[in-house]
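The structure under discussion appears below in the form of structure tokens.
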Amino acid sequence: MLQNIKLYGAIILAMIFWSFSFIWTKMAMESFLPVTLVTLRLIIASVLLFTYAKTTKKFQYVRLKDLKWFVLLAFFEPYLYYMGETYSLTLLNPTLVAVIIATIPLFAPLVAFIILKERVSKMNILGIIISILGVLLVIYTPGIGIGGGSQWGILLVFLAVFAAVFYAATLRKISSYYKTVNIIFYQSLIGLAFFIPTFLVTDLSSIQTLKISYKSLEALLMLAIFASVLAFVLFAGVVRKIGVAKTNVFVNLIPVFTAIFSYLIFKQYLSYNQWIGIAIVVSGLFVSQMTRKKKKQVKIEEIMKVTEY
């Protein structure tokens, strides 16, 4: 009984950290430009992950033959994923972004079908249709239309979604020789090779005008420590004990948590239709999982669970 309480406490805590990541990003961008924020976050997270891997004696070097896959991995995530997610938060509220990001596991089977020729079940398709209808309800504003006038924001979130899905497909090419903490560490480290040049082009000229507040700096540290490291460590530990299927239930609650926290912190109110939309999206996620998982499908589901929310 006590063991179960600890396990479910750990998974709920991880979900809270990932839910807060959208809010912390929004807070941090009051001082930091998007690329600057992500670059700093990756530097801090890389140091922490390296320290964790070394301390726990799980650190592994990348084999030369696998380097090309790690580079491609880092291009999809963190580079394209964070570019889409972070810039979208400059245009949209955290709840809307969280709802769309939550559809990542829905689109993974489609890419697996196209690239890896894996079967897509009828429940997967039904779940996708239900969740898309829910997303449309959330992002539609009467009298304004889709995205509440921020269509670019919607497109940027979906860039993050599809970057994460192609990240999952690429991760299939990574040898099972590597422990997950090393994969996350190297994709963060190599990701800096994409972000630093981008920073030099987009943000360097404005770096001297930045006015860093205590709140924004605290949000940056929270993102790196809790969302990029602790949430991952907690989640990975629980997955090993109770499996992917049971943890899916908790992942589906991230947009709900984000909506609640956004209301408490930013006083961002959701309409009745938007709450219905969130409920429909979560329902679609549950429906998509109502199928017995075949052995060959398990790995891609596990991959999606190390994708950061």
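For the structure tokens, the naming scheme is as follows: chains receive sequential letters (A, B, ...) according to their order of presentation, residues are indexed from 1 within each chain, and ligands are indexed from 1 in presentation order.
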
Could you produce a table of the residues of stretch 13-53 of chain A lying within 9 Å of stretch 257-269 of chain A, with the nearest pair of atoms per residue and their separation in Å rounded to one decimal, using only C-alpha atoms, ordered by chain and increasing residue number, as JSON lines?
{"residue": "A:Met15", "atom": "CA", "partner": "A:Phe257", "partner_atom": "CA", "distance": 8.1}
{"residue": "A:Ile16", "atom": "CA", "partner": "A:Phe257", "partner_atom": "CA", "distance": 6.9}
{"residue": "A:Trp18", "atom": "CA", "partner": "A:Thr258", "partner_atom": "CA", "distance": 8.7}
{"residue": "A:Ser19", "atom": "CA", "partner": "A:Thr258", "partner_atom": "CA", "distance": 4.9}
{"residue": "A:Phe20", "atom": "CA", "partner": "A:Thr258", "partner_atom": "CA", "distance": 6.5}
{"residue": "A:Ser21", "atom": "CA", "partner": "A:Thr258", "partner_atom": "CA", "distance": 8.8}
{"residue": "A:Phe22", "atom": "CA", "partner": "A:Thr258", "partner_atom": "CA", "distance": 7.4}
{"residue": "A:Ile23", "atom": "CA", "partner": "A:Ser262", "partner_atom": "CA", "distance": 6.9}

Sort by chain and increasing residue number a table of all residues of stretch 121-236 of chain A within 10 Å of stretch 285-288 of chain A, each with its closest pair of atoms and their distance in Å to one decimal, counting only C-alpha atoms, and write it as a Markdown table.
| residue | atom | partner | partner_atom | distance |
| --- | --- | --- | --- | --- |
| A:Ser121 | CA | A:Ser288 | CA | 8.5 |
| A:Lys122 | CA | A:Ser288 | CA | 8.5 |
| A:Met123 | CA | A:Ser288 | CA | 5.0 |
| A:Asn124 | CA | A:Ser288 | CA | 4.3 |
| A:Ile125 | CA | A:Ser288 | CA | 7.2 |
| A:Leu126 | CA | A:Ser288 | CA | 6.8 |
| A:Gly127 | CA | A:Ser288 | CA | 4.3 |
| A:Ile128 | CA | A:Ser288 | CA | 7.1 |
| A:Ile129 | CA | A:Ser288 | CA | 9.7 |
| A:Ile130 | CA | A:Leu285 | CA | 8.4 |
| A:Ser131 | CA | A:Leu285 | CA | 6.8 |

Worksheet item: Neighbours of A:Pro78 within 8 Å (only C-alpha atoms; same-chain residues fewer than 4 positions away dropped), as JSON, numbers by chain?
Response: {"A": [74, 82, 187, 188, 191]}

Discussion item. Set the distance at 7 Å and use only C-alpha atoms: which residues neighbour A:Ala164 once local chain neighbours fewer than 4 positions away are removed? I'd like the list as a ChimeraX atom specification.
Written reply: /A:76-77,81,104,160,168,307

Residue selection dump (N, CA and C atoms) as a compact mmCIF listing (two decimals), in the first residue's frame:
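Okay, out_36.txt is ready:
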# COMPACT_ATOMS: atom_id res chain seq x y z
N PHE A 76 15.18 17.30 -34.24
CA PHE A 76 13.73 17.24 -34.02
C PHE A 76 13.37 17.70 -32.60
N GLU A 77 14.14 17.18 -31.64
CA GLU A 77 13.91 17.57 -30.24
C GLU A 77 15.24 17.49 -29.49
N TYR A 81 11.23 21.11 -31.69
CA TYR A 81 10.17 21.02 -30.67
C TYR A 81 10.13 22.28 -29.81
N ILE A 104 0.35 14.56 -28.94
CA ILE A 104 1.55 13.91 -29.50
C ILE A 104 1.40 12.38 -29.58
N ALA A 160 5.72 21.76 -33.10
CA ALA A 160 6.27 21.04 -31.95
C ALA A 160 5.74 19.61 -31.88
N ALA A 168 10.32 10.62 -32.18
CA ALA A 168 10.05 9.25 -31.74
C ALA A 168 10.45 8.23 -32.78
N THR A 307 9.36 11.89 -24.17
CA THR A 307 9.22 13.20 -24.80
C THR A 307 8.72 14.18 -23.77

Worksheet item: Quick one: residues within 9 Å of A:Leu230, only C-alpha atoms counted, chain neighbours fewer than 5 positions away excluded, as a list in words?
Response: Ala14, Phe17, Ala224, Ile225 and Phe235 of chain A

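Here atom CA of A:Leu91 and atom CA of A:Thr202 stand 17.8 Å from one another.
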
Discussion item. Give me the residues near A:Phe32 as a ChimeraX atom specification, where near means some atom within 12 Å (using only C-alpha atoms) and where sequence neighbours in that chain fewer than 3 positions away do not count.
Written reply: /A:24-29,35-41,86-87,90,199,203-204,206-220

Could you write out that same residue set with C-alpha atoms as a PDB file, in the first residue's frame?
ATOM      1  CA  TRP A  24       7.139  28.662 -16.173  1.00  0.00           C
ATOM      2  CA  THR A  25       8.010  29.246 -19.846  1.00  0.00           C
ATOM      3  CA  LYS A  26       5.415  32.011 -20.075  1.00  0.00           C
ATOM      4  CA  MET A  27       6.803  33.607 -16.884  1.00  0.00           C
ATOM      5  CA  ALA A  28      10.440  33.296 -17.968  1.00  0.00           C
ATOM      6  CA  MET A  29       9.713  34.990 -21.294  1.00  0.00           C
ATOM      7  CA  VAL A  35      15.916  31.221 -28.047  1.00  0.00           C
ATOM      8  CA  THR A  36      17.877  32.671 -25.115  1.00  0.00           C
ATOM      9  CA  LEU A  37      15.518  30.962 -22.694  1.00  0.00           C
ATOM     10  CA  VAL A  38      15.774  27.545 -24.339  1.00  0.00           C
ATOM     11  CA  THR A  39      19.563  27.794 -24.715  1.00  0.00           C
ATOM     12  CA  LEU A  40      20.007  28.571 -21.019  1.00  0.00           C
ATOM     13  CA  ARG A  41      17.542  25.838 -20.082  1.00  0.00           C
ATOM     14  CA  THR A  86       8.358  28.297 -26.912  1.00  0.00           C
ATOM     15  CA  TYR A  87       7.434  30.705 -29.704  1.00  0.00           C
ATOM     16  CA  THR A  90       4.416  34.133 -26.997  1.00  0.00           C
ATOM     17  CA  PHE A 199      20.898  32.583 -30.591  1.00  0.00           C
ATOM     18  CA  ASP A 203      18.948  37.186 -29.804  1.00  0.00           C
ATOM     19  CA  LEU A 204      22.569  38.294 -29.412  1.00  0.00           C
ATOM     20  CA  SER A 206      19.252  42.240 -27.822  1.00  0.00           C
ATOM     21  CA  ILE A 207      21.111  40.537 -24.984  1.00  0.00           C
ATOM     22  CA  GLN A 208      22.371  43.794 -23.448  1.00  0.00           C
ATOM     23  CA  THR A 209      18.861  45.213 -23.195  1.00  0.00           C
ATOM     24  CA  LEU A 210      17.495  42.283 -21.214  1.00  0.00           C
ATOM     25  CA  LYS A 211      16.100  43.159 -17.828  1.00  0.00           C
ATOM     26  CA  ILE A 212      16.122  39.945 -15.839  1.00  0.00           C
ATOM     27  CA  SER A 213      13.640  39.808 -12.999  1.00  0.00           C
ATOM     28  CA  TYR A 214      13.828  37.457 -10.043  1.00  0.00           C
ATOM     29  CA  LYS A 215      10.548  35.834 -11.127  1.00  0.00           C
ATOM     30  CA  SER A 216      11.841  35.075 -14.640  1.00  0.00           C
ATOM     31  CA  LEU A 217      15.155  33.719 -13.364  1.00  0.00           C
ATOM     32  CA  GLU A 218      13.307  31.518 -10.887  1.00  0.00           C
ATOM     33  CA  ALA A 219      11.048  30.250 -13.706  1.00  0.00           C
ATOM     34  CA  LEU A 220      14.129  29.384 -15.821  1.00  0.00           C
TER      35      LEU A 220
END

Fill in: Nearest residue to A:Lys179 from the set A:Leu92, A:Ile242, A:Val111, A:Ala236 (distances using only C-alpha atoms)
A:Ala236

Practice prompt. Would you please give, as a count of residues only, all residues of stretch 7-191 of chain A that DSSP assigns to strand (DSSP E or B) based on the backbone?
Written response: 4

Worksheet item: So how many Å separate atom CA of A:Phe158 and atom CA of A:Lys173, to one decimal?
Response: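 It comes out at 23.5 Å.
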
Discussion item. Considering only helix (DSSP H, G or I) as DSSP defines it on the backbone, what residues of stretch 97-252 of chain A qualify? List them as a PyMOL selection string.
Written reply: chain A and resi 97-101+104-116+122-139+147-149+151-171+180-202+204-209+214-242+244-251
